[in-house]
>>> print(open('protein30.cif').read())   # mmCIF, C-alpha atoms
data_query
loop_
_atom_site.label_atom_id
_atom_site.label_comp_id
_atom_site.auth_asym_id
_atom_site.auth_seq_id
_atom_site.Cartn_x
_atom_site.Cartn_y
_atom_site.Cartn_z
CA MET A 1 -13.53 -25.17 -6.29
CA ASN A 2 -16.60 -22.94 -6.49
CA PRO A 3 -16.46 -21.18 -9.91
CA LYS A 4 -17.53 -17.84 -8.44
CA ILE A 5 -14.70 -17.92 -5.92
CA GLU A 6 -12.32 -18.91 -8.71
CA LYS A 7 -13.47 -15.99 -10.84
CA LEU A 8 -12.97 -13.54 -7.99
CA ILE A 9 -9.48 -14.89 -7.31
CA LYS A 10 -8.60 -14.41 -10.99
CA GLN A 11 -9.71 -10.77 -10.82
CA PHE A 12 -7.55 -10.13 -7.77
CA ALA A 13 -4.58 -12.00 -9.24
CA LYS A 14 -4.59 -9.54 -12.17
CA LEU A 15 -3.85 -6.63 -9.83
CA PRO A 16 -0.24 -5.42 -9.68
CA ARG A 17 1.91 -6.94 -6.91
CA VAL A 18 -0.79 -9.53 -6.15
CA GLY A 19 0.11 -13.08 -7.14
CA ASN A 20 -2.12 -16.16 -7.17
CA ARG A 21 -1.39 -17.10 -3.57
CA ALA A 22 -2.06 -13.61 -2.25
CA ALA A 23 -5.26 -13.37 -4.33
CA ARG A 24 -6.48 -16.65 -2.81
CA ARG A 25 -5.68 -15.39 0.70
CA ILE A 26 -7.46 -12.07 0.03
CA VAL A 27 -10.59 -13.71 -1.36
CA LEU A 28 -10.83 -16.22 1.49
CA ASP A 29 -10.40 -13.43 4.00
CA LEU A 30 -13.07 -11.31 2.36
CA LEU A 31 -15.58 -14.14 1.97
CA GLN A 32 -15.15 -15.30 5.56
CA ASP A 33 -15.36 -11.77 6.96
CA LYS A 34 -18.53 -10.87 8.81
CA THR A 35 -18.03 -7.10 9.08
CA GLY A 36 -19.15 -6.19 5.56
CA ARG A 37 -15.71 -5.53 4.13
CA ILE A 38 -16.78 -6.63 0.65
CA ASP A 39 -19.59 -4.09 0.63
CA LYS A 40 -17.23 -1.33 1.79
CA LEU A 41 -14.68 -2.28 -0.87
CA VAL A 42 -17.35 -2.35 -3.59
CA ALA A 43 -18.69 1.04 -2.47
CA ALA A 44 -15.20 2.60 -2.46
CA LEU A 45 -14.44 1.13 -5.90
CA ASN A 46 -17.68 2.42 -7.42
CA ASP A 47 -17.27 5.80 -5.76
CA ALA A 48 -13.71 6.35 -6.99
CA ASN A 49 -14.52 4.95 -10.42
CA GLU A 50 -17.39 7.39 -10.90
CA SER A 51 -15.79 10.53 -9.51
CA VAL A 52 -12.14 10.33 -10.57
CA CYS A 53 -10.75 11.13 -14.03
CA PRO A 54 -7.37 12.26 -15.41
CA CYS A 55 -6.76 16.02 -15.57
CA PRO A 56 -7.21 17.00 -19.25
CA VAL A 57 -4.06 19.15 -19.10
CA CYS A 58 -1.47 17.07 -17.23
CA GLY A 59 -3.04 13.64 -16.68
CA VAL A 60 -3.04 13.69 -12.84
CA LEU A 61 -6.04 11.82 -11.42
CA THR A 62 -8.51 14.35 -10.11
CA ASP A 63 -12.14 14.94 -9.22
CA ARG A 64 -14.33 14.83 -12.33
CA THR A 65 -16.28 17.91 -11.22
CA MET A 66 -13.20 20.12 -10.80
CA GLY A 67 -12.13 20.43 -14.46
CA THR A 68 -8.35 20.53 -14.05
CA CYS A 69 -6.29 19.08 -11.19
CA GLU A 70 -5.05 20.75 -8.01
CA TYR A 71 -1.55 21.31 -9.48
CA CYS A 72 -2.80 22.89 -12.70
CA ARG A 73 -5.16 25.16 -10.71
CA ASP A 74 -2.45 26.25 -8.28
CA VAL A 75 -1.04 29.53 -9.70
CA SER A 76 1.95 29.42 -7.31
CA ARG A 77 3.14 26.40 -9.28
CA ALA A 78 3.29 28.37 -12.54
CA ASN A 79 7.06 28.85 -12.14
CA GLY A 80 8.06 27.89 -15.68
CA MET A 81 9.14 24.38 -14.68
CA LEU A 82 7.43 21.28 -16.02
CA CYS A 83 8.30 17.85 -14.63
CA LEU A 84 7.67 14.90 -16.96
CA VAL A 85 6.90 11.63 -15.17
CA ARG A 86 5.76 8.18 -16.24
CA ASP A 87 2.65 7.88 -14.13
CA PHE A 88 0.62 9.30 -11.30
CA SER A 89 2.43 7.42 -8.56
CA ASP A 90 5.61 9.33 -9.48
CA VAL A 91 3.73 12.56 -8.76
CA TRP A 92 2.89 11.27 -5.30
CA THR A 93 6.49 10.26 -4.70
CA LEU A 94 7.80 13.68 -5.74
CA GLU A 95 5.11 15.54 -3.79
CA LYS A 96 5.93 13.56 -0.65
CA SER A 97 9.60 14.46 -0.98
CA GLY A 98 8.77 18.14 -1.49
CA VAL A 99 11.70 18.62 -3.93
CA PHE A 100 9.61 20.10 -6.74
CA ASN A 101 7.01 22.85 -6.74
CA GLY A 102 6.24 23.35 -10.41
CA ARG A 103 3.75 21.62 -12.65
CA TYR A 104 3.60 18.00 -13.75
CA HIS A 105 2.98 16.17 -17.00
CA ILE A 106 2.15 12.48 -16.92
CA LEU A 107 3.21 10.54 -20.00
CA GLY A 108 1.25 7.43 -19.09
CA GLY A 109 4.01 5.02 -20.12
CA MET A 110 7.41 4.69 -21.76
CA LEU A 111 8.17 3.98 -25.43
CA SER A 112 8.80 0.27 -25.74
CA GLY A 113 9.19 -1.92 -28.80
CA ILE A 114 8.61 -5.08 -26.78
CA SER A 115 5.34 -3.89 -25.21
CA GLY A 116 4.33 -2.17 -28.47
CA ILE A 117 4.04 1.29 -26.88
CA THR A 118 4.41 3.95 -29.58
CA PRO A 119 4.44 7.78 -29.32
CA ASP A 120 0.68 7.72 -30.04
CA ASP A 121 0.14 5.92 -26.73
CA LEU A 122 1.88 8.63 -24.73
CA ASN A 123 0.27 11.83 -23.46
CA ILE A 124 2.55 14.19 -25.41
CA LYS A 125 0.30 15.84 -28.00
CA ASN A 126 -0.43 18.93 -25.90
CA LEU A 127 3.18 19.45 -24.72
CA PRO A 128 4.03 22.22 -27.27
CA GLN A 129 0.80 24.03 -26.36
CA ARG A 130 1.52 23.74 -22.63
CA ILE A 131 5.02 25.15 -23.15
CA LEU A 132 3.50 28.21 -24.82
CA ASP A 133 0.45 28.63 -22.55
CA GLU A 134 2.29 28.18 -19.27
CA HIS A 135 5.55 29.91 -20.31
CA ILE A 136 7.58 26.79 -19.57
CA ASN A 137 11.34 27.40 -19.71
CA GLU A 138 12.57 24.13 -18.21
CA ILE A 139 11.41 20.57 -18.78
CA ILE A 140 12.70 18.18 -16.11
CA PHE A 141 12.70 14.53 -17.13
CA ALA A 142 11.99 12.46 -14.01
CA LEU A 143 11.57 9.22 -15.96
CA PRO A 144 12.76 5.74 -14.98
CA ASN A 145 16.52 5.38 -15.38
CA THR A 146 16.09 2.60 -17.97
CA VAL A 147 16.58 2.13 -21.70
CA GLU A 148 12.85 2.83 -22.21
CA GLY A 149 13.06 5.95 -20.07
CA LYS A 150 16.06 7.32 -21.99
CA THR A 151 14.49 6.44 -25.36
CA THR A 152 11.30 8.25 -24.41
CA GLN A 153 13.30 11.24 -23.20
CA GLN A 154 15.27 11.44 -26.46
CA TYR A 155 12.10 11.13 -28.51
CA ILE A 156 10.35 13.93 -26.63
CA ILE A 157 13.38 16.21 -26.93
CA SER A 158 13.46 15.54 -30.68
CA THR A 159 9.82 16.65 -31.03
CA LEU A 160 10.45 19.88 -29.12
CA THR A 161 13.64 21.13 -30.82
CA ASN A 162 11.93 24.28 -32.18
CA THR A 163 11.07 25.50 -28.68
CA ASN A 164 13.24 27.66 -26.43
CA VAL A 165 12.96 25.33 -23.48
CA ARG A 166 15.85 23.93 -21.40
CA PHE A 167 15.88 20.15 -20.92
CA THR A 168 17.23 18.61 -17.72
CA GLU A 169 17.16 15.14 -16.20
CA LEU A 170 17.58 13.84 -12.65
CA ALA A 171 21.18 13.03 -11.64
CA SER A 172 22.30 9.39 -11.73
CA GLY A 173 24.56 7.83 -9.14
CA VAL A 174 24.95 6.09 -5.82
CA PRO A 175 21.80 6.50 -3.67
CA LEU A 176 22.07 8.08 -0.23
CA GLY A 177 23.23 5.42 2.22
CA GLY A 178 24.04 3.18 -0.75
CA ASP A 179 26.69 0.56 -0.11
CA LEU A 180 28.94 0.04 -3.15
CA ASP A 181 28.71 -3.71 -2.59
CA TYR A 182 25.04 -3.65 -3.47
CA ILE A 183 25.16 -1.30 -6.43
CA ASP A 184 25.05 -2.59 -9.98
CA ASP A 185 27.79 -1.92 -12.52
CA GLY A 186 25.62 0.39 -14.61
CA THR A 187 24.96 2.72 -11.68
CA LEU A 188 28.64 2.60 -10.68
CA SER A 189 29.68 3.51 -14.20
CA LEU A 190 27.23 6.47 -14.18
CA ALA A 191 28.49 7.53 -10.74
CA PHE A 192 32.12 7.48 -11.92
CA GLY A 193 31.31 9.30 -15.15
CA GLY A 194 29.49 12.02 -13.21
CA ARG A 195 32.00 12.33 -10.34
CA ARG A 196 32.25 15.76 -8.73
CA ILE A 197 35.39 17.73 -7.81
CA LEU A 198 35.54 18.37 -4.05
CA MET B 1 -4.74 13.69 -2.63
CA ASN B 2 -8.32 13.10 -3.75
CA PRO B 3 -10.27 11.79 -0.71
CA LYS B 4 -12.10 9.16 -2.77
CA ILE B 5 -8.81 7.73 -4.03
CA GLU B 6 -7.48 7.80 -0.48
CA LYS B 7 -10.52 5.92 0.81
CA LEU B 8 -10.15 3.24 -1.85
CA ILE B 9 -6.45 2.82 -1.06
CA LYS B 10 -7.32 2.35 2.62
CA GLN B 11 -9.79 -0.41 1.73
CA PHE B 12 -7.16 -2.23 -0.34
CA ALA B 13 -4.47 -1.76 2.32
CA LYS B 14 -6.68 -3.68 4.77
CA LEU B 15 -6.49 -6.81 2.62
CA PRO B 16 -4.03 -9.50 3.74
CA ARG B 17 -0.57 -9.35 2.12
CA VAL B 18 -1.33 -5.91 0.64
CA GLY B 19 0.61 -3.06 2.21
CA ASN B 20 0.16 0.65 1.69
CA ARG B 21 2.52 0.83 -1.27
CA ALA B 22 0.90 -2.11 -3.05
CA ALA B 23 -2.57 -0.70 -2.35
CA ARG B 24 -1.52 2.62 -3.91
CA ARG B 25 -0.14 0.82 -6.97
CA ILE B 26 -3.31 -1.28 -7.32
CA VAL B 27 -5.65 1.70 -7.06
CA LEU B 28 -3.66 3.76 -9.57
CA ASP B 29 -3.61 0.85 -11.97
CA LEU B 30 -7.35 0.32 -11.64
CA LEU B 31 -8.27 3.99 -11.96
CA GLN B 32 -6.06 4.49 -15.00
CA ASP B 33 -7.30 1.33 -16.70
CA LYS B 34 -9.56 1.76 -19.68
CA THR B 35 -10.75 -1.85 -20.08
CA GLY B 36 -13.38 -1.81 -17.33
CA ARG B 37 -11.41 -3.82 -14.78
CA ILE B 38 -13.09 -2.04 -11.86
CA ASP B 39 -16.51 -3.05 -13.14
CA LYS B 40 -15.38 -6.65 -13.58
CA LEU B 41 -13.87 -6.71 -10.09
CA VAL B 42 -17.02 -5.21 -8.56
CA ALA B 43 -19.21 -7.73 -10.40
CA ALA B 44 -17.05 -10.68 -9.27
CA LEU B 45 -17.06 -9.38 -5.67
CA ASN B 46 -20.83 -8.97 -5.59
CA ASP B 47 -21.40 -12.30 -7.29
CA ALA B 48 -19.20 -14.28 -4.88
CA ASN B 49 -20.52 -12.36 -1.87
CA GLU B 50 -24.10 -13.21 -2.74
CA SER B 51 -23.69 -16.84 -3.74
CA VAL B 52 -21.03 -18.21 -1.37
CA CYS B 53 -21.52 -19.24 2.25
CA PRO B 54 -19.81 -21.66 4.67
CA CYS B 55 -21.05 -25.26 4.64
CA PRO B 56 -23.25 -25.64 7.79
CA VAL B 57 -21.58 -28.98 8.58
CA CYS B 58 -17.85 -28.45 8.02
CA GLY B 59 -17.37 -24.74 7.28
CA VAL B 60 -15.95 -25.09 3.74
CA LEU B 61 -17.02 -22.17 1.52
CA THR B 62 -19.67 -23.45 -0.86
CA ASP B 63 -22.57 -22.41 -3.08
CA ARG B 64 -25.47 -21.08 -1.01
CA THR B 65 -28.02 -23.02 -3.06
CA MET B 66 -26.33 -26.41 -2.54
CA GLY B 67 -26.97 -26.85 1.21
CA THR B 68 -23.78 -28.67 2.21
CA CYS B 69 -20.39 -28.54 0.47
CA GLU B 70 -18.93 -30.85 -2.18
CA TYR B 71 -16.89 -32.80 0.40
CA CYS B 72 -19.82 -33.40 2.76
CA ARG B 73 -22.01 -34.49 -0.19
CA ASP B 74 -19.37 -36.90 -1.55
CA VAL B 75 -20.23 -40.33 -0.08
CA SER B 76 -16.86 -41.77 -1.19
CA ARG B 77 -15.30 -39.47 1.40
CA ALA B 78 -17.26 -41.04 4.25
CA ASN B 79 -14.27 -43.23 5.22
CA GLY B 80 -14.35 -42.54 8.95
CA MET B 81 -11.54 -39.97 8.80
CA LEU B 82 -12.04 -36.32 9.74
CA CYS B 83 -9.30 -33.78 9.14
CA LEU B 84 -9.36 -30.69 11.37
CA VAL B 85 -7.85 -27.58 9.77
CA ARG B 86 -7.61 -23.94 10.71
CA ASP B 87 -9.23 -22.41 7.64
CA PHE B 88 -10.45 -22.97 4.14
CA SER B 89 -7.12 -22.31 2.46
CA ASP B 90 -5.73 -25.38 4.28
CA VAL B 91 -8.43 -27.47 2.60
CA TRP B 92 -7.22 -26.22 -0.77
CA THR B 93 -3.63 -26.98 0.10
CA LEU B 94 -4.48 -30.53 1.19
CA GLU B 95 -6.76 -31.11 -1.81
CA LYS B 96 -4.04 -29.96 -4.19
CA SER B 97 -1.59 -32.41 -2.63
CA GLY B 98 -4.12 -35.27 -2.85
CA VAL B 99 -2.85 -36.82 0.42
CA PHE B 100 -6.26 -36.98 2.11
CA ASN B 101 -9.60 -38.26 0.87
CA GLY B 102 -11.82 -38.08 3.94
CA ARG B 103 -13.93 -35.23 5.25
CA TYR B 104 -12.84 -31.86 6.58
CA HIS B 105 -13.75 -29.71 9.54
CA ILE B 106 -12.74 -26.05 9.55
CA LEU B 107 -12.17 -24.57 13.00
CA GLY B 108 -12.03 -20.99 11.76
CA GLY B 109 -9.11 -20.02 13.98
CA MET B 110 -6.82 -21.14 16.80
CA LEU B 111 -7.27 -20.57 20.53
CA SER B 112 -5.21 -17.54 21.47
CA GLY B 113 -5.06 -15.56 24.66
CA ILE B 114 -3.35 -12.64 22.92
CA SER B 115 -5.97 -12.34 20.15
CA GLY B 116 -8.79 -13.15 22.59
CA ILE B 117 -9.95 -16.21 20.66
CA THR B 118 -11.87 -18.53 22.99
CA PRO B 119 -13.46 -21.96 22.35
CA ASP B 120 -16.74 -20.15 21.64
CA ASP B 121 -15.13 -18.56 18.59
CA LEU B 122 -14.18 -21.90 17.07
CA ASN B 123 -16.43 -24.12 14.98
CA ILE B 124 -16.36 -27.10 17.37
CA LYS B 125 -19.89 -27.34 18.77
CA ASN B 126 -21.08 -29.92 16.23
CA LEU B 127 -17.95 -32.11 16.41
CA PRO B 128 -19.44 -34.76 18.79
CA GLN B 129 -22.54 -34.97 16.57
CA ARG B 130 -20.42 -35.34 13.41
CA ILE B 131 -18.40 -38.14 15.03
CA LEU B 132 -21.64 -40.04 15.70
CA ASP B 133 -23.44 -39.22 12.43
CA GLU B 134 -20.51 -39.89 10.13
CA HIS B 135 -19.03 -42.83 12.09
CA ILE B 136 -15.71 -41.03 12.50
CA ASN B 137 -12.98 -43.26 13.94
CA GLU B 138 -9.96 -41.03 13.35
CA ILE B 139 -9.53 -37.31 13.83
CA ILE B 140 -6.42 -35.96 12.09
CA PHE B 141 -5.16 -32.64 13.42
CA ALA B 142 -3.64 -30.71 10.49
CA LEU B 143 -3.28 -27.49 12.47
CA PRO B 144 -0.38 -25.01 12.39
CA ASN B 145 2.67 -26.37 14.19
CA THR B 146 2.61 -23.51 16.71
CA VAL B 147 1.81 -23.01 20.39
CA GLU B 148 -1.72 -21.92 19.41
CA GLY B 149 -2.14 -24.97 17.19
CA LYS B 150 -1.03 -27.37 19.91
CA THR B 151 -3.19 -25.63 22.55
CA THR B 152 -6.24 -25.86 20.30
CA GLN B 153 -5.48 -29.52 19.61
CA GLN B 154 -5.21 -30.33 23.32
CA TYR B 155 -8.40 -28.45 24.08
CA ILE B 156 -10.38 -30.31 21.41
CA ILE B 157 -9.05 -33.69 22.54
CA SER B 158 -10.10 -32.83 26.13
CA THR B 159 -13.68 -32.14 25.01
CA LEU B 160 -13.90 -35.45 23.12
CA THR B 161 -12.50 -37.88 25.71
CA ASN B 162 -15.78 -39.79 25.99
CA THR B 163 -15.72 -40.76 22.32
CA ASN B 164 -14.07 -43.82 20.82
CA VAL B 165 -12.14 -41.86 18.24
CA ARG B 166 -8.41 -42.09 17.54
CA PHE B 167 -6.53 -38.76 17.49
CA THR B 168 -3.53 -38.26 15.19
CA GLU B 169 -1.45 -35.27 14.13
CA LEU B 170 0.79 -34.57 11.16
CA ALA B 171 4.45 -35.56 11.62
CA SER B 172 6.94 -32.81 12.53
CA GLY B 173 10.45 -32.66 11.13
CA VAL B 174 12.81 -31.52 8.41
CA PRO B 175 10.86 -30.62 5.24
CA LEU B 176 11.67 -32.42 1.99
CA GLY B 177 14.72 -30.76 0.45
CA GLY B 178 15.27 -28.89 3.71
CA ASP B 179 18.85 -27.84 4.39
CA LEU B 180 19.76 -28.18 8.09
CA ASP B 181 21.48 -24.79 7.89
CA TYR B 182 18.14 -23.11 7.37
CA ILE B 183 16.04 -25.02 9.87
CA ASP B 184 15.20 -23.54 13.25
CA ASP B 185 16.17 -25.19 16.54
CA GLY B 186 12.57 -26.10 17.40
CA THR B 187 12.12 -28.10 14.21
CA LEU B 188 15.55 -29.72 14.65
CA SER B 189 14.64 -30.73 18.18
CA LEU B 190 11.34 -32.27 16.95
CA ALA B 191 13.16 -34.03 14.10
CA PHE B 192 15.69 -35.55 16.55
CA GLY B 193 13.00 -36.55 19.03
CA GLY B 194 11.03 -38.27 16.27
CA ARG B 195 14.02 -39.90 14.51
CA ARG B 196 13.28 -43.18 12.74
CA ILE B 197 15.25 -46.43 12.86
CA LEU B 198 16.50 -47.35 9.37
#
>>> encode(input="protein30.cif", output="structure tokens")
Amino acid sequence: MNPKIEKLIKQFAKLPRVGNRAARRIVLDLLQDKTGRIDKLVAALNDANESVCPCPVCGVLTDRTMGTCEYCRDVSRANGMLCLVRDFSDVWTLEKSGVFNGRYHILGGMLSGISGITPDDLNIKNLPQRILDEHINEIIFALPNTVEGKTTQQYIISTLTNTNVRFTELASGVPLGGDLDYIDDGTLSLAFGGRRIL
Amino acid sequence: MNPKIEKLIKQFAKLPRVGNRAARRIVLDLLQDKTGRIDKLVAALNDANESVCPCPVCGVLTDRTMGTCEYCRDVSRANGMLCLVRDFSDVWTLEKSGVFNGRYHILGGMLSGISGITPDDLNIKNLPQRILDEHINEIIFALPNTVEGKTTQQYIISTLTNTNVRFTELASGVPLGGDLDYIDDGTLSLAFGGRRIL
């Protein structure tokens, strides 16, 4: 196979949710396309790469020229609530649902011994300062409901014990429309433990 | 959302086998990456785009500077057999299996009324010339086993009736390891029609 095609396939195969077969398909499609899709893709990649950077306060991806992000600039969101999430896609998910209208803080990962992610790798250094500056009274942990998520949550709480902030986490249980047949034992156990009186 | 991020997501979502959610994930991963993956991807895209073109004889993607492709240059493949496939990925699939060692001819699509693909859109103009030049005595149709594939096959045979070439197609039937429970009626019907005496 042509080494330049092979190289391009390898680059695509490194992308999340793209396997070797899909990368091959993508590259063949692009190389056989006559409408200039490669040029458009390259232009969009360069454009986003040059103009987008993480917000220095919360980590949300934003326009480099704007300083802070749209959420940090929005004074109506200064309601004392700070939602901690793993990455930027969680912000999108929450924004789409419209359930939260405070500020965000992106950790950029979860503590993990296996992947070698330590507290130094997480975006947590400026949390105490944010709590003071933005008069935060509630930190909502919207982290993955996994061992890593809970470990990270516990670690962050332990570093913020001398603050007056309330810590909350999202409820665990059976998802809406969830059929018990398809729910794992861990979720069932959490749902039973947290059962509500009717 | 930042319009430049949105634009990039749209470009990725247009790629085959990449939906909106995967495109979002890919773009976030790339933009949050600190190892220069975007630059590497852009370089590989530009490099392949500039140096790769279809072989003027058979349509296989090849190096622009080489003239014809590796299969057309390989004299050991001049064995009188020509395998007609839909696109380049089929060549890879066949090459990986090692079942064929003749030459290829990429049609670039299948005749389709719905998609508006006519004979003019297919790479078939030089087929009579190839048959003469390369002393082809067998044309193997390795096209998709679909209505479009069979229509295309019939059309091509009808345009080559005044040649002395033998036309063959891949056998239809139950795939190796195939469980009858999971095989559709059409395949079962073909498998029964083509049953072999033991």
>>> atom_distance(input="protein30.cif", atom1="CA of Arg21 (chain B)", atom2="CA of Val27 (chain A)")
19.6 Å
>>> interface_residues(input="protein30.cif", of="chain B", to="chain A", cutoff="6 Å", atoms="only C-alpha atoms", output="JSON list (two decimals) with C-alpha atoms, keeping the file's coordinate frame")
[["chain", "number", "residue", "atom", "x", "y", "z"],
["B", 4, "LYS", "CA", -12.10, 9.16, -2.77],
["B", 5, "ILE", "CA", -8.81, 7.73, -4.03],
["B", 8, "LEU", "CA", -10.15, 3.24, -1.85],
["B", 11, "GLN", "CA", -9.79, -0.41, 1.73],
["B", 15, "LEU", "CA", -6.49, -6.81, 2.62],
["B", 16, "PRO", "CA", -4.03, -9.50, 3.74],
["B", 26, "ILE", "CA", -3.31, -1.28, -7.32],
["B", 41, "LEU", "CA", -13.87, -6.71, -10.09],
["B", 42, "VAL", "CA", -17.02, -5.21, -8.56],
["B", 44, "ALA", "CA", -17.05, -10.68, -9.27],
["B", 48, "ALA", "CA", -19.20, -14.28, -4.88]]
>>> atom_distance(input="protein30.cif", atom1="CA of Ala78 (chain A)", atom2="CA of Asn145 (chain A)")
26.7 Å
>>> residues_around(input="protein30.cif", residues="region 116-125 of chain B", least_positions_apart="3", cutoff="10 Å", atoms="all atoms listed in the file", output="list in words")
Val57, Cys58, Gly59, Leu84, Arg86, His105, Ile106, Leu107, Gly108, Gly109, Met110, Leu111, Ser112, Gly113, Pro128, Gln129, Arg130, Thr152, Tyr155, Ile156 and Thr159 of chain B
>>> write_last_selection(input="protein30.cif", atoms="C-alpha atoms", output="PDB file, in the coordinates of the input")
ATOM      1  CA  VAL B  57     -21.580 -28.980   8.580  1.00  0.00           C
ATOM      2  CA  CYS B  58     -17.850 -28.450   8.020  1.00  0.00           C
ATOM      3  CA  GLY B  59     -17.370 -24.740   7.280  1.00  0.00           C
ATOM      4  CA  LEU B  84      -9.360 -30.690  11.370  1.00  0.00           C
ATOM      5  CA  ARG B  86      -7.610 -23.940  10.710  1.00  0.00           C
ATOM      6  CA  HIS B 105     -13.750 -29.710   9.540  1.00  0.00           C
ATOM      7  CA  ILE B 106     -12.740 -26.050   9.550  1.00  0.00           C
ATOM      8  CA  LEU B 107     -12.170 -24.570  13.000  1.00  0.00           C
ATOM      9  CA  GLY B 108     -12.030 -20.990  11.760  1.00  0.00           C
ATOM     10  CA  GLY B 109      -9.110 -20.020  13.980  1.00  0.00           C
ATOM     11  CA  MET B 110      -6.820 -21.140  16.800  1.00  0.00           C
ATOM     12  CA  LEU B 111      -7.270 -20.570  20.530  1.00  0.00           C
ATOM     13  CA  SER B 112      -5.210 -17.540  21.470  1.00  0.00           C
ATOM     14  CA  GLY B 113      -5.060 -15.560  24.660  1.00  0.00           C
ATOM     15  CA  PRO B 128     -19.440 -34.760  18.790  1.00  0.00           C
ATOM     16  CA  GLN B 129     -22.540 -34.970  16.570  1.00  0.00           C
ATOM     17  CA  ARG B 130     -20.420 -35.340  13.410  1.00  0.00           C
ATOM     18  CA  THR B 152      -6.240 -25.860  20.300  1.00  0.00           C
ATOM     19  CA  TYR B 155      -8.400 -28.450  24.080  1.00  0.00           C
ATOM     20  CA  ILE B 156     -10.380 -30.310  21.410  1.00  0.00           C
ATOM     21  CA  THR B 159     -13.680 -32.140  25.010  1.00  0.00           C
TER      22      THR B 159
END
>>> resolve_selection(input="protein30.cif", expression="the PyMOL selection byres ((chain B and resi 162-166) around 6)", output="VMD selection string")
chain B and resid 137 to 138 160 to 161 167
>>> atom_distance(input="protein30.cif", atom1="CA of Ile131 (chain B)", atom2="CA of Ser172 (chain B)")
26.0 Å
>>> residues_around(input="protein30.cif", residues="Gly194 (chain B)", least_positions_apart="4", cutoff="9 Å", atoms="all atoms listed in the file", output="JSON, numbers by chain")
{"B": [171, 172, 173, 189, 190]}
>>> resolve_selection(input="protein30.cif", expression="the PyMOL selection byres ((chain A and resi 94) around 12)", output="list in words")
Cys83, Leu84, Val85, Asp87, Phe88, Ser89, Asp90, Val91, Trp92, Thr93, Glu95, Lys96, Ser97, Gly98, Val99, Phe100, Asn101, Gly102, Arg103, Tyr104, Ala142, Leu143 and Leu170 of chain A
>>> axis_aligned_box(input="protein30.cif", around="region 63-70 of chain B", padding_each_side="6 Å", output="lines of an AutoDock Vina configuration file")
center_x = -23.5
center_y = -26.0
center_z = -0.4
size_x = 21.1
size_y = 21.8
size_z = 17.3
>>> closest_residue(input="protein30.cif", among="B:Cys55, B:Leu132, B:Ile140, B:Ile197", to="Thr68 (chain B)", atoms="all atoms listed in the file")
B:Cys55
